[in-house]
file coords_9.pdb (PDB, C-alpha atoms)
ATOM      1  CA  MET A   1      66.179 113.228  25.138  1.00  0.00           C
ATOM      2  CA  SER A   2      64.627 110.599  27.403  1.00  0.00           C
ATOM      3  CA  TRP A   3      65.525 108.860  30.651  1.00  0.00           C
ATOM      4  CA  SER A   4      65.752 105.073  30.811  1.00  0.00           C
ATOM      5  CA  PRO A   5      63.060 103.370  32.947  1.00  0.00           C
ATOM      6  CA  ASP A   6      65.584 102.703  35.723  1.00  0.00           C
ATOM      7  CA  GLY A   7      66.599 106.385  35.783  1.00  0.00           C
ATOM      8  CA  LYS A   8      70.292 105.589  35.342  1.00  0.00           C
ATOM      9  CA  LYS A   9      70.790 106.455  31.666  1.00  0.00           C
ATOM     10  CA  MET A  10      69.672 109.113  29.216  1.00  0.00           C
ATOM     11  CA  PHE A  11      69.232 108.878  25.455  1.00  0.00           C
ATOM     12  CA  VAL A  12      70.076 112.042  23.485  1.00  0.00           C
ATOM     13  CA  SER A  13      69.794 112.811  19.781  1.00  0.00           C
ATOM     14  CA  ASP A  14      72.455 115.241  18.582  1.00  0.00           C
ATOM     15  CA  ALA A  15      71.671 116.901  15.253  1.00  0.00           C
ATOM     16  CA  GLY A  16      75.182 118.321  15.177  1.00  0.00           C
ATOM     17  CA  ASP A  17      76.913 115.095  14.137  1.00  0.00           C
ATOM     18  CA  ASN A  18      73.939 112.897  13.191  1.00  0.00           C
ATOM     19  CA  SER A  19      74.682 110.541  16.064  1.00  0.00           C
ATOM     20  CA  GLU A  20      72.694 109.422  19.080  1.00  0.00           C
ATOM     21  CA  TYR A  21      74.252 109.157  22.517  1.00  0.00           C
ATOM     22  CA  VAL A  22      73.594 107.231  25.705  1.00  0.00           C
ATOM     23  CA  LEU A  23      74.784 109.036  28.842  1.00  0.00           C
ATOM     24  CA  ASP A  24      74.921 108.013  32.475  1.00  0.00           C
ATOM     25  CA  SER A  25      73.248 110.123  35.179  1.00  0.00           C
ATOM     26  CA  ASN A  26      76.393 112.251  35.492  1.00  0.00           C
ATOM     27  CA  GLY A  27      76.545 113.050  31.772  1.00  0.00           C
ATOM     28  CA  LYS A  28      79.342 110.623  30.887  1.00  0.00           C
ATOM     29  CA  ILE A  29      79.014 109.100  27.399  1.00  0.00           C
ATOM     30  CA  LEU A  30      78.314 105.372  27.628  1.00  0.00           C
ATOM     31  CA  ALA A  31      77.697 104.789  23.924  1.00  0.00           C
ATOM     32  CA  GLN A  32      77.656 106.666  20.631  1.00  0.00           C
ATOM     33  CA  LEU A  33      75.156 105.195  18.180  1.00  0.00           C
ATOM     34  CA  LYS A  34      76.115 105.943  14.575  1.00  0.00           C
ATOM     35  CA  ASN A  35      74.567 105.400  11.141  1.00  0.00           C
ATOM     36  CA  LEU A  36      71.380 103.789  12.427  1.00  0.00           C
ATOM     37  CA  ASN A  37      68.968 105.897  10.355  1.00  0.00           C
ATOM     38  CA  MET A  38      66.632 106.427  13.311  1.00  0.00           C
ATOM     39  CA  LEU A  39      63.393 108.073  12.244  1.00  0.00           C
ATOM     40  CA  GLY A  40      60.441 109.426  14.197  1.00  0.00           C
ATOM     41  CA  ASP A  41      59.548 108.094  17.624  1.00  0.00           C
ATOM     42  CA  ARG A  42      61.996 106.031  19.681  1.00  0.00           C
ATOM     43  CA  VAL A  43      61.697 104.471  23.118  1.00  0.00           C
ATOM     44  CA  TRP A  44      63.672 102.570  25.776  1.00  0.00           C
ATOM     45  CA  SER A  45      63.064  98.876  26.338  1.00  0.00           C
ATOM     46  CA  SER A  46      61.544  98.082  29.737  1.00  0.00           C
ATOM     47  CA  ASP A  47      64.860  96.638  30.995  1.00  0.00           C
ATOM     48  CA  SER A  48      66.748  99.884  30.116  1.00  0.00           C
ATOM     49  CA  GLU A  49      69.191  97.945  27.931  1.00  0.00           C
ATOM     50  CA  LYS A  50      67.990  98.831  24.407  1.00  0.00           C
ATOM     51  CA  ILE A  51      66.681 101.689  22.297  1.00  0.00           C
ATOM     52  CA  ILE A  52      63.763 100.751  20.031  1.00  0.00           C
ATOM     53  CA  PHE A  53      63.338 102.778  16.864  1.00  0.00           C
ATOM     54  CA  SER A  54      61.962 102.733  13.329  1.00  0.00           C
ATOM     55  CA  SER A  55      64.154 102.817  10.246  1.00  0.00           C
ATOM     56  CA  GLN A  56      63.485 103.297   6.545  1.00  0.00           C
ATOM     57  CA  ASP A  57      65.182 100.470   4.668  1.00  0.00           C
ATOM     58  CA  SER A  58      64.062 101.643   1.208  1.00  0.00           C
ATOM     59  CA  THR A  59      61.719 104.198  -0.324  1.00  0.00           C
ATOM     60  CA  VAL A  60      58.680 102.060   0.576  1.00  0.00           C
ATOM     61  CA  GLN A  61      59.932  99.634   3.248  1.00  0.00           C
ATOM     62  CA  TRP A  62      60.156 100.428   6.963  1.00  0.00           C
ATOM     63  CA  SER A  63      61.252  98.222   9.826  1.00  0.00           C
ATOM     64  CA  ILE A  64      61.318  98.368  13.628  1.00  0.00           C
ATOM     65  CA  LYS A  65      64.683  97.679  15.245  1.00  0.00           C
ATOM     66  CA  SER A  66      66.464  97.742  18.595  1.00  0.00           C
ATOM     67  CA  VAL A  67      70.058  98.560  19.450  1.00  0.00           C
ATOM     68  CA  GLY A  68      71.870  97.636  22.658  1.00  0.00           C
ATOM     69  CA  VAL A  69      73.143 100.644  24.605  1.00  0.00           C
ATOM     70  CA  SER A  70      76.240  98.761  25.806  1.00  0.00           C
ATOM     71  CA  ASN A  71      77.121  97.698  22.259  1.00  0.00           C
ATOM     72  CA  GLY A  72      76.042 100.174  19.593  1.00  0.00           C
ATOM     73  CA  ASN A  73      76.937  97.755  16.821  1.00  0.00           C
ATOM     74  CA  HIS A  74      74.399  95.108  17.833  1.00  0.00           C
ATOM     75  CA  VAL A  75      71.147  95.894  15.983  1.00  0.00           C
ATOM     76  CA  THR A  76      68.160  93.527  15.965  1.00  0.00           C
ATOM     77  CA  THR A  77      65.219  93.748  13.562  1.00  0.00           C
ATOM     78  CA  LEU A  78      61.992  93.294  15.542  1.00  0.00           C
ATOM     79  CA  ALA A  79      59.479  93.659  12.692  1.00  0.00           C
ATOM     80  CA  LYS A  80      59.337  94.396   8.986  1.00  0.00           C
ATOM     81  CA  LEU A  81      56.324  96.514   8.099  1.00  0.00           C
ATOM     82  CA  PRO A  82      54.226  96.226   4.930  1.00  0.00           C
ATOM     83  CA  ALA A  83      55.173  98.517   2.058  1.00  0.00           C
ATOM     84  CA  ASN A  84      54.294 102.179   2.660  1.00  0.00           C
ATOM     85  CA  TYR A  85      53.607 101.641   6.379  1.00  0.00           C
ATOM     86  CA  GLY A  86      55.495 103.461   9.135  1.00  0.00           C
ATOM     87  CA  VAL A  87      55.513 103.868  12.920  1.00  0.00           C
ATOM     88  CA  THR A  88      53.490 106.648  14.510  1.00  0.00           C
ATOM     89  CA  GLN A  89      54.257 105.938  18.172  1.00  0.00           C
ATOM     90  CA  PHE A  90      55.724 103.302  20.493  1.00  0.00           C
ATOM     91  CA  SER A  91      54.143 102.291  23.787  1.00  0.00           C
ATOM     92  CA  PRO A  92      56.004 103.483  26.922  1.00  0.00           C
ATOM     93  CA  ASP A  93      57.170  99.942  27.716  1.00  0.00           C
ATOM     94  CA  GLY A  94      58.558  99.453  24.193  1.00  0.00           C
ATOM     95  CA  LYS A  95      56.429  96.365  23.537  1.00  0.00           C
ATOM     96  CA  GLN A  96      53.933  97.751  21.017  1.00  0.00           C
ATOM     97  CA  ALA A  97      53.777 100.239  18.159  1.00  0.00           C
ATOM     98  CA  ILE A  98      51.057 102.209  16.403  1.00  0.00           C
ATOM     99  CA  VAL A  99      51.543 101.764  12.654  1.00  0.00           C
ATOM    100  CA  GLN A 100      49.856 103.678   9.837  1.00  0.00           C
ATOM    101  CA  ASN A 101      49.675 103.675   6.065  1.00  0.00           C
ATOM    102  CA  LEU A 102      51.883 106.474   4.716  1.00  0.00           C
ATOM    103  CA  ASP A 103      50.182 106.519   1.288  1.00  0.00           C
ATOM    104  CA  LYS A 104      48.045 109.678   1.308  1.00  0.00           C
ATOM    105  CA  ARG A 105      45.946 108.271  -1.545  1.00  0.00           C
ATOM    106  CA  ASP A 106      44.617 105.491   0.676  1.00  0.00           C
ATOM    107  CA  ASN A 107      41.584 106.836   2.523  1.00  0.00           C
ATOM    108  CA  THR A 108      40.448 103.708   4.323  1.00  0.00           C
ATOM    109  CA  SER A 109      43.402 101.952   5.986  1.00  0.00           C
ATOM    110  CA  PRO A 110      42.917 101.799   9.782  1.00  0.00           C
ATOM    111  CA  LEU A 111      45.647 102.424  12.313  1.00  0.00           C
ATOM    112  CA  GLN A 112      47.307  99.176  13.380  1.00  0.00           C
ATOM    113  CA  ILE A 113      48.836  97.873  16.626  1.00  0.00           C
ATOM    114  CA  TRP A 114      51.949  95.698  16.331  1.00  0.00           C
ATOM    115  CA  ASP A 115      53.455  93.458  19.015  1.00  0.00           C
ATOM    116  CA  LEU A 116      57.231  93.945  18.946  1.00  0.00           C
ATOM    117  CA  GLN A 117      57.931  90.712  20.808  1.00  0.00           C
ATOM    118  CA  THR A 118      56.383  88.638  18.019  1.00  0.00           C
ATOM    119  CA  GLY A 119      56.946  91.159  15.204  1.00  0.00           C
ATOM    120  CA  LYS A 120      53.327  90.805  14.083  1.00  0.00           C
ATOM    121  CA  LYS A 121      50.155  92.891  13.834  1.00  0.00           C
ATOM    122  CA  ILE A 122      47.812  92.145  16.742  1.00  0.00           C
ATOM    123  CA  GLY A 123      44.920  94.506  16.053  1.00  0.00           C
ATOM    124  CA  GLU A 124      43.400  97.396  14.154  1.00  0.00           C
ATOM    125  CA  LEU A 125      41.808 100.529  15.563  1.00  0.00           C
ATOM    126  CA  ALA A 126      38.378 101.587  14.395  1.00  0.00           C
ATOM    127  CA  VAL A 127      39.730 104.840  12.977  1.00  0.00           C
ATOM    128  CA  ALA A 128      41.173 105.414   9.517  1.00  0.00           C
ATOM    129  CA  HIS A 129      44.681 106.855   9.388  1.00  0.00           C
ATOM    130  CA  ASN A 130      43.517 109.879   7.383  1.00  0.00           C
ATOM    131  CA  ARG A 131      40.768 110.831   9.835  1.00  0.00           C
ATOM    132  CA  ASN A 132      41.088 114.145  11.626  1.00  0.00           C
ATOM    133  CA  ALA A 133      42.554 112.595  14.771  1.00  0.00           C
ATOM    134  CA  PHE A 134      44.031 115.386  16.844  1.00  0.00           C
ATOM    135  CA  GLY A 135      46.275 113.243  18.993  1.00  0.00           C
ATOM    136  CA  TRP A 136      46.807 109.894  20.667  1.00  0.00           C
ATOM    137  CA  ALA A 137      48.628 108.629  23.730  1.00  0.00           C
ATOM    138  CA  PHE A 138      49.313 105.343  25.492  1.00  0.00           C
ATOM    139  CA  SER A 139      48.417 105.070  29.165  1.00  0.00           C
ATOM    140  CA  PRO A 140      51.409 105.020  31.547  1.00  0.00           C
ATOM    141  CA  ASP A 141      51.231 101.219  31.870  1.00  0.00           C
ATOM    142  CA  SER A 142      50.843 100.838  28.055  1.00  0.00           C
ATOM    143  CA  SER A 143      47.584  98.868  28.441  1.00  0.00           C
ATOM    144  CA  LEU A 144      45.303 101.525  26.925  1.00  0.00           C
ATOM    145  CA  LEU A 145      45.431 103.929  24.009  1.00  0.00           C
ATOM    146  CA  ALA A 146      43.472 107.188  23.918  1.00  0.00           C
ATOM    147  CA  ILE A 147      42.672 108.851  20.590  1.00  0.00           C
ATOM    148  CA  ASP A 148      41.236 112.369  20.397  1.00  0.00           C
ATOM    149  CA  ASP A 149      39.137 112.022  17.265  1.00  0.00           C
ATOM    150  CA  GLU A 150      36.596 114.492  15.858  1.00  0.00           C
ATOM    151  CA  GLY A 151      34.636 115.451  18.970  1.00  0.00           C
ATOM    152  CA  VAL A 152      35.069 112.200  20.869  1.00  0.00           C
ATOM    153  CA  ILE A 153      37.851 110.596  22.901  1.00  0.00           C
ATOM    154  CA  ASN A 154      38.061 106.861  22.283  1.00  0.00           C
ATOM    155  CA  ILE A 155      39.872 104.498  24.655  1.00  0.00           C
ATOM    156  CA  TYR A 156      41.189 101.257  23.129  1.00  0.00           C
ATOM    157  CA  THR A 157      42.858  98.235  24.706  1.00  0.00           C
ATOM    158  CA  SER A 158      46.358  98.092  23.257  1.00  0.00           C
ATOM    159  CA  ALA A 159      46.538  94.289  23.455  1.00  0.00           C
ATOM    160  CA  ASP A 160      44.024  93.854  20.637  1.00  0.00           C
ATOM    161  CA  GLY A 161      42.867  97.304  19.488  1.00  0.00           C
ATOM    162  CA  LYS A 162      39.297  96.841  20.769  1.00  0.00           C
ATOM    163  CA  LEU A 163      37.244  99.910  21.708  1.00  0.00           C
ATOM    164  CA  LEU A 164      36.815  99.927  25.497  1.00  0.00           C
ATOM    165  CA  THR A 165      34.961 103.183  26.091  1.00  0.00           C
ATOM    166  CA  SER A 166      34.413 106.658  24.645  1.00  0.00           C
ATOM    167  CA  PHE A 167      33.170 110.052  25.748  1.00  0.00           C
ATOM    168  CA  GLU A 168      32.332 113.380  24.178  1.00  0.00           C
ATOM    169  CA  ASN A 169      35.076 115.931  23.703  1.00  0.00           C
ATOM    170  CA  LYS A 170      33.979 119.343  22.485  1.00  0.00           C
ATOM    171  CA  VAL A 171      37.365 120.474  21.242  1.00  0.00           C
ATOM    172  CA  SER A 172      38.144 124.068  20.365  1.00  0.00           C
ATOM    173  CA  GLY A 173      40.802 125.566  18.147  1.00  0.00           C
ATOM    174  CA  GLN A 174      42.470 124.351  14.999  1.00  0.00           C
ATOM    175  CA  GLY A 175      45.895 122.825  14.506  1.00  0.00           C
ATOM    176  CA  VAL A 176      47.828 120.592  16.878  1.00  0.00           C
ATOM    177  CA  HIS A 177      45.926 119.077  19.794  1.00  0.00           C
ATOM    178  CA  ASN A 178      47.696 117.377  22.689  1.00  0.00           C
ATOM    179  CA  ILE A 179      46.363 114.540  24.816  1.00  0.00           C
ATOM    180  CA  VAL A 180      48.251 113.170  27.843  1.00  0.00           C
ATOM    181  CA  TRP A 181      47.473 110.698  30.635  1.00  0.00           C
ATOM    182  CA  SER A 182      47.976 111.446  34.307  1.00  0.00           C
ATOM    183  CA  PRO A 183      50.701 109.268  35.908  1.00  0.00           C
ATOM    184  CA  ASP A 184      48.073 107.142  37.711  1.00  0.00           C
ATOM    185  CA  GLY A 185      46.062 106.601  34.508  1.00  0.00           C
ATOM    186  CA  LYS A 186      42.870 108.088  35.996  1.00  0.00           C
ATOM    187  CA  TYR A 187      42.720 111.340  34.009  1.00  0.00           C
ATOM    188  CA  LEU A 188      43.341 112.663  30.517  1.00  0.00           C
ATOM    189  CA  ALA A 189      44.363 116.245  29.803  1.00  0.00           C
ATOM    190  CA  GLU A 190      43.762 117.737  26.339  1.00  0.00           C
ATOM    191  CA  SER A 191      44.734 121.093  24.892  1.00  0.00           C
ATOM    192  CA  ALA A 192      44.594 123.279  21.790  1.00  0.00           C
ATOM    193  CA  THR A 193      43.511 126.773  22.820  1.00  0.00           C
ATOM    194  CA  VAL A 194      42.311 125.677  26.274  1.00  0.00           C
ATOM    195  CA  ILE A 195      43.254 122.888  28.697  1.00  0.00           C
ATOM    196  CA  LYS A 196      40.599 120.331  29.634  1.00  0.00           C
ATOM    197  CA  VAL A 197      40.909 117.475  32.113  1.00  0.00           C
ATOM    198  CA  TYR A 198      38.682 114.386  31.894  1.00  0.00           C
ATOM    199  CA  ASP A 199      37.947 111.641  34.406  1.00  0.00           C
ATOM    200  CA  VAL A 200      38.443 108.451  32.363  1.00  0.00           C
ATOM    201  CA  THR A 201      36.317 106.162  34.577  1.00  0.00           C
ATOM    202  CA  ALA A 202      33.452 108.615  34.946  1.00  0.00           C
ATOM    203  CA  LYS A 203      33.793 109.597  31.255  1.00  0.00           C
ATOM    204  CA  LYS A 204      33.255 113.268  31.964  1.00  0.00           C
ATOM    205  CA  LEU A 205      34.959 116.658  31.885  1.00  0.00           C
ATOM    206  CA  VAL A 206      36.103 117.712  35.367  1.00  0.00           C
ATOM    207  CA  THR A 207      37.803 121.077  34.761  1.00  0.00           C
ATOM    208  CA  THR A 208      38.713 123.637  32.082  1.00  0.00           C
ATOM    209  CA  PHE A 209      41.383 126.343  32.366  1.00  0.00           C
ATOM    210  CA  GLY A 210      44.241 128.129  30.591  1.00  0.00           C
ATOM    211  CA  GLN A 211      42.291 129.648  27.694  1.00  0.00           C
ATOM    212  CA  VAL A 212      44.505 131.483  25.177  1.00  0.00           C
ATOM    213  CA  ASP A 213      43.430 133.951  22.497  1.00  0.00           C
ATOM    214  CA  ALA A 214      42.942 133.236  18.797  1.00  0.00           C
ATOM    215  CA  GLN A 215      46.568 134.146  17.993  1.00  0.00           C
ATOM    216  CA  HIS A 216      48.082 131.523  20.309  1.00  0.00           C
ATOM    217  CA  ARG A 217      48.179 127.728  20.510  1.00  0.00           C
ATOM    218  CA  ILE A 218      49.045 125.451  23.424  1.00  0.00           C
ATOM    219  CA  THR A 219      51.770 123.353  21.834  1.00  0.00           C
ATOM    220  CA  THR A 220      53.049 121.248  24.766  1.00  0.00           C
ATOM    221  CA  LEU A 221      51.245 119.672  27.700  1.00  0.00           C
ATOM    222  CA  ILE A 222      52.722 117.395  30.386  1.00  0.00           C
ATOM    223  CA  TRP A 223      51.767 116.151  33.849  1.00  0.00           C
ATOM    224  CA  SER A 224      54.000 116.422  36.890  1.00  0.00           C
ATOM    225  CA  SER A 225      55.280 113.049  38.087  1.00  0.00           C
ATOM    226  CA  ASP A 226      53.049 113.157  41.189  1.00  0.00           C
ATOM    227  CA  GLY A 227      49.936 114.017  39.157  1.00  0.00           C
ATOM    228  CA  LYS A 228      49.295 117.208  41.131  1.00  0.00           C
ATOM    229  CA  GLY A 229      50.074 119.666  38.350  1.00  0.00           C
ATOM    230  CA  LEU A 230      50.482 120.307  34.649  1.00  0.00           C
ATOM    231  CA  ALA A 231      52.939 122.332  32.593  1.00  0.00           C
ATOM    232  CA  SER A 232      52.007 123.859  29.252  1.00  0.00           C
ATOM    233  CA  SER A 233      53.725 125.998  26.655  1.00  0.00           C
ATOM    234  CA  THR A 234      52.120 128.441  24.234  1.00  0.00           C
ATOM    235  CA  LEU A 235      53.168 129.610  20.787  1.00  0.00           C
ATOM    236  CA  LEU A 236      52.227 132.864  19.061  1.00  0.00           C
ATOM    237  CA  LEU A 237      51.026 132.540  15.482  1.00  0.00           C
ATOM    238  CA  ALA A 238      51.273 135.639  13.279  1.00  0.00           C
ATOM    239  CA  ASN A 239      49.160 135.010  10.179  1.00  0.00           C
ATOM    240  CA  ASN A 240      49.381 131.281  11.017  1.00  0.00           C
ATOM    241  CA  VAL A 241      53.192 131.465  11.050  1.00  0.00           C
ATOM    242  CA  PRO A 242      55.056 130.703  14.339  1.00  0.00           C
ATOM    243  CA  ASP A 243      56.428 133.872  15.948  1.00  0.00           C
ATOM    244  CA  VAL A 244      59.049 133.682  18.727  1.00  0.00           C
ATOM    245  CA  SER A 245      58.245 137.092  20.206  1.00  0.00           C
ATOM    246  CA  ASP A 246      55.543 135.954  22.645  1.00  0.00           C
ATOM    247  CA  ASN A 247      55.905 132.386  23.918  1.00  0.00           C
ATOM    248  CA  ARG A 248      55.639 131.190  27.493  1.00  0.00           C
ATOM    249  CA  VAL A 249      55.599 128.191  29.811  1.00  0.00           C
ATOM    250  CA  SER A 250      52.879 127.950  32.452  1.00  0.00           C
ATOM    251  CA  VAL A 251      52.748 125.660  35.478  1.00  0.00           C
ATOM    252  CA  TRP A 252      49.316 124.767  36.875  1.00  0.00           C
ATOM    253  CA  SER A 253      48.421 123.393  40.300  1.00  0.00           C
ATOM    254  CA  LEU A 254      45.560 120.882  40.458  1.00  0.00           C
ATOM    255  CA  ASN A 255      43.443 119.735  43.389  1.00  0.00           C
TER     256      ASN A 255
END

call {"tool": "encode", "arguments": {"input": "coords_9.pdb", "output": "structure tokens"}}
result
Amino acid sequence: MSWSPDGKKMFVSDAGDNSEYVLDSNGKILAQLKNLNMLGDRVWSSDSEKIIFSSQDSTVQWSIKSVGVSNGNHVTTLAKLPANYGVTQFSPDGKQAIVQNLDKRDNTSPLQIWDLQTGKKIGELAVAHNRNAFGWAFSPDSSLLAIDDEGVINIYTSADGKLLTSFENKVSGQGVHNIVWSPDGKYLAESATVIKVYDVTAKKLVTTFGQVDAQHRITTLIWSSDGKGLASSTLLLANNVPDVSDNRVSVWSLN
């Protein structure tokens, strides 16, 4: 589920009937969106009037579409992607998308940035889609993209995919890594088996905390809206298989 930018509507996916719903702030259903074949990431438009999503039109062809929340039947195609390419993530303002080659046999194709207003590719990131990138995240204003990639965090400008800056990141732990921006865009928090916070401008590590043992992974990481704290959740792995017997949520105060 996700709130609209104006805070008046909520988008909810319901696996029970394969429909998506738009609710008002009191929980009243404003729209039921059916048979749209929404896949992967989806995001609100900046005016809170549309849901932007990716859809698989055929076995090899993907497209990016939008649907109006006041009229679930009005679907607009924003971009048609090349064969075997799909969306990895949308920017928070719904104006850009990270696109990657889905063909596992291709070892060289870089990640791409697409402009959804023109429906065209506007840049490529200097990282191949099959590289061991642990995670990526747009800045809150959608102007920057951070990629946690093999011991270094790279910051790209989302308007053209150019590398802006980078700094060392001595990651620890295998499996899923999370990377999230602070609401003011000044810090990045990263986690796997420990939480680290980096100052983006100074390009340095400022604090480390929340270490878990070798049997656990930090699977979720999110900033508070005022930037003064973080919440994380941990998952127990028994022989590398998720175990529900010992999971927890932790809330951290920062200063």

call {"tool": "residues_around", "arguments": {"input": "coords_9.pdb", "residues": "Asp47 of chain A", "least_positions_apart": "6", "cutoff": "10 Å", "atoms": "only C-alpha atoms", "output": "PDB file with C-alpha atoms, keeping the file's coordinate frame"}}
result
ATOM      1  CA  SER A   4      65.752 105.073  30.811  1.00  0.00           C
ATOM      2  CA  PRO A   5      63.060 103.370  32.947  1.00  0.00           C
ATOM      3  CA  ASP A   6      65.584 102.703  35.723  1.00  0.00           C
ATOM      4  CA  ASP A  93      57.170  99.942  27.716  1.00  0.00           C
ATOM      5  CA  GLY A  94      58.558  99.453  24.193  1.00  0.00           C
TER       6      GLY A  94
END

call {"tool": "resolve_selection", "arguments": {"input": "coords_9.pdb", "expression": "the PyMOL selection byres ((chain A and resi 34) around 9)", "output": "PyMOL selection string"}}
result
chain A and resi 18-21+32-33+35-37+72-73

call {"tool": "resolve_selection", "arguments": {"input": "coords_9.pdb", "expression": "the PyMOL selection byres ((chain A and resi 42) around 6)", "output": "ChimeraX atom specification"}}
result
/A:41,43,52-53

call {"tool": "resolve_selection", "arguments": {"input": "coords_9.pdb", "expression": "the PyMOL selection byres ((chain A and resi 140) around 9)", "output": "PyMOL selection string"}}
result
chain A and resi 91-93+138-139+141-144+181-185

call {"tool": "axis_aligned_box", "arguments": {"input": "coords_9.pdb", "around": "segment 39-55 of chain A", "padding_each_side": "8 Å", "output": "lines of an AutoDock Vina configuration file"}}
result
center_x = 64.4
center_y = 103.0
center_z = 20.6
size_x = 25.6
size_y = 28.8
size_z = 36.7

call {"tool": "atom_distance", "arguments": {"input": "coords_9.pdb", "atom1": "atom CA of Leu254 of chain A", "atom2": "atom CA of Thr207 of chain A"}}
result
9.6 Å

call {"tool": "residues_around", "arguments": {"input": "coords_9.pdb", "residues": "segment 213-230 of chain A", "least_positions_apart": "5", "cutoff": "10 Å", "atoms": "only C-alpha atoms", "output": "ChimeraX atom specification"}}
result
/A:173-195,235-243,246-255

call {"tool": "residues_around", "arguments": {"input": "coords_9.pdb", "residues": "Asp160 of chain A", "least_positions_apart": "4", "cutoff": "8 Å", "atoms": "all atoms listed in the file", "output": "short mmCIF file (atom, residue, chain, number, x, y, z; two decimals) with C-alpha atoms, in the frame of the given file"}}
result
data_model
loop_
_atom_site.label_atom_id
_atom_site.label_comp_id
_atom_site.auth_asym_id
_atom_site.auth_seq_id
_atom_site.Cartn_x
_atom_site.Cartn_y
_atom_site.Cartn_z
CA ILE A 113 48.84 97.87 16.63
CA ILE A 122 47.81 92.14 16.74
CA GLY A 123 44.92 94.51 16.05
CA GLU A 124 43.40 97.40 14.15
#

call {"tool": "atom_distance", "arguments": {"input": "coords_9.pdb", "atom1": "atom CA of Leu163 of chain A", "atom2": "atom CA of Gln100 of chain A"}}
result
17.7 Å

call {"tool": "residues_around", "arguments": {"input": "coords_9.pdb", "residues": "Asp103 of chain A", "least_positions_apart": "6", "cutoff": "12 Å", "atoms": "all atoms listed in the file", "output": "list in words"}}
result
Thr59, Val60, Pro82, Ala83, Asn84, Tyr85, Gly86, Ser109, His129 and Asn130 of chain A

call {"tool": "atom_distance", "arguments": {"input": "coords_9.pdb", "atom1": "atom CA of Gly68 of chain A", "atom2": "atom CA of Asp17 of chain A"}}
result
20.1 Å

call {"tool": "closest_residue", "arguments": {"input": "coords_9.pdb", "among": "A:Lys162, A:Lys65, A:Lys121, A:Lys8", "to": "Leu30 of chain A", "atoms": "only C-alpha atoms"}}
result
A:Lys8

call {"tool": "closest_residue", "arguments": {"input": "coords_9.pdb", "among": "A:Ile29, A:Val22, A:Gln89, A:Asn101", "to": "Gly135 of chain A", "atoms": "only C-alpha atoms"}}
result
A:Gln89

call {"tool": "closest_residue", "arguments": {"input": "coords_9.pdb", "among": "A:Leu102, A:Leu125, A:Ala79, A:Val69", "to": "Asp24 of chain A", "atoms": "only C-alpha atoms"}}
result
A:Val69

call {"tool": "closest_residue", "arguments": {"input": "coords_9.pdb", "among": "A:Val206, A:Val67, A:Ala159, A:Ala231", "to": "Gln112 of chain A", "atoms": "only C-alpha atoms"}}
result
A:Ala159

call {"tool": "closest_residue", "arguments": {"input": "coords_9.pdb", "among": "A:Ile64, A:Ala97, A:Leu164, A:Ala31", "to": "Glu49 of chain A", "atoms": "all atoms listed in the file"}}
result
A:Ala31

call {"tool": "closest_residue", "arguments": {"input": "coords_9.pdb", "among": "A:Met1, A:Leu81, A:Val152, A:Leu23", "to": "Trp114 of chain A", "atoms": "only C-alpha atoms"}}
result
A:Leu81

call {"tool": "decode", "arguments": {"input": "coords_9.pdb", "residues": "segment 4-34 of chain A", "atoms": "C-alpha atoms", "output": "PDB file, in the first residue's frame"}}
result
ATOM      1  CA  SER A   4      -0.773   9.572  -2.580  1.00  0.00           C
ATOM      2  CA  PRO A   5       1.548  12.624  -2.476  1.00  0.00           C
ATOM      3  CA  ASP A   6      -1.296  14.833  -1.227  1.00  0.00           C
ATOM      4  CA  GLY A   7      -2.038  12.392   1.616  1.00  0.00           C
ATOM      5  CA  LYS A   8      -5.714  12.096   0.680  1.00  0.00           C
ATOM      6  CA  LYS A   9      -5.757   8.692  -1.031  1.00  0.00           C
ATOM      7  CA  MET A  10      -4.195   5.278  -0.562  1.00  0.00           C
ATOM      8  CA  PHE A  11      -3.381   2.634  -3.159  1.00  0.00           C
ATOM      9  CA  VAL A  12      -3.779  -0.991  -2.016  1.00  0.00           C
ATOM     10  CA  SER A  13      -3.053  -4.254  -3.810  1.00  0.00           C
ATOM     11  CA  ASP A  14      -5.388  -7.057  -2.754  1.00  0.00           C
ATOM     12  CA  ALA A  15      -4.139 -10.542  -3.619  1.00  0.00           C
ATOM     13  CA  GLY A  16      -7.508 -11.957  -2.622  1.00  0.00           C
ATOM     14  CA  ASP A  17      -9.353 -10.901  -5.780  1.00  0.00           C
ATOM     15  CA  ASN A  18      -6.465  -9.833  -8.036  1.00  0.00           C
ATOM     16  CA  SER A  19      -7.677  -6.242  -7.997  1.00  0.00           C
ATOM     17  CA  GLU A  20      -6.105  -2.987  -6.888  1.00  0.00           C
ATOM     18  CA  TYR A  21      -8.030  -0.411  -4.895  1.00  0.00           C
ATOM     19  CA  VAL A  22      -7.854   3.321  -4.308  1.00  0.00           C
ATOM     20  CA  LEU A  23      -9.231   4.391  -0.921  1.00  0.00           C
ATOM     21  CA  ASP A  24      -9.825   7.781   0.634  1.00  0.00           C
ATOM     22  CA  SER A  25      -8.294   8.694   4.009  1.00  0.00           C
ATOM     23  CA  ASN A  26     -11.290   7.167   5.802  1.00  0.00           C
ATOM     24  CA  GLY A  27     -10.991   3.818   4.016  1.00  0.00           C
ATOM     25  CA  LYS A  28     -13.850   4.342   1.558  1.00  0.00           C
ATOM     26  CA  ILE A  29     -13.271   2.716  -1.850  1.00  0.00           C
ATOM     27  CA  LEU A  30     -12.874   5.364  -4.546  1.00  0.00           C
ATOM     28  CA  ALA A  31     -11.916   3.009  -7.370  1.00  0.00           C
ATOM     29  CA  GLN A  32     -11.392  -0.682  -8.055  1.00  0.00           C
ATOM     30  CA  LEU A  33      -8.763  -1.278 -10.730  1.00  0.00           C
ATOM     31  CA  LYS A  34      -9.280  -4.612 -12.490  1.00  0.00           C
TER      32      LYS A  34
END
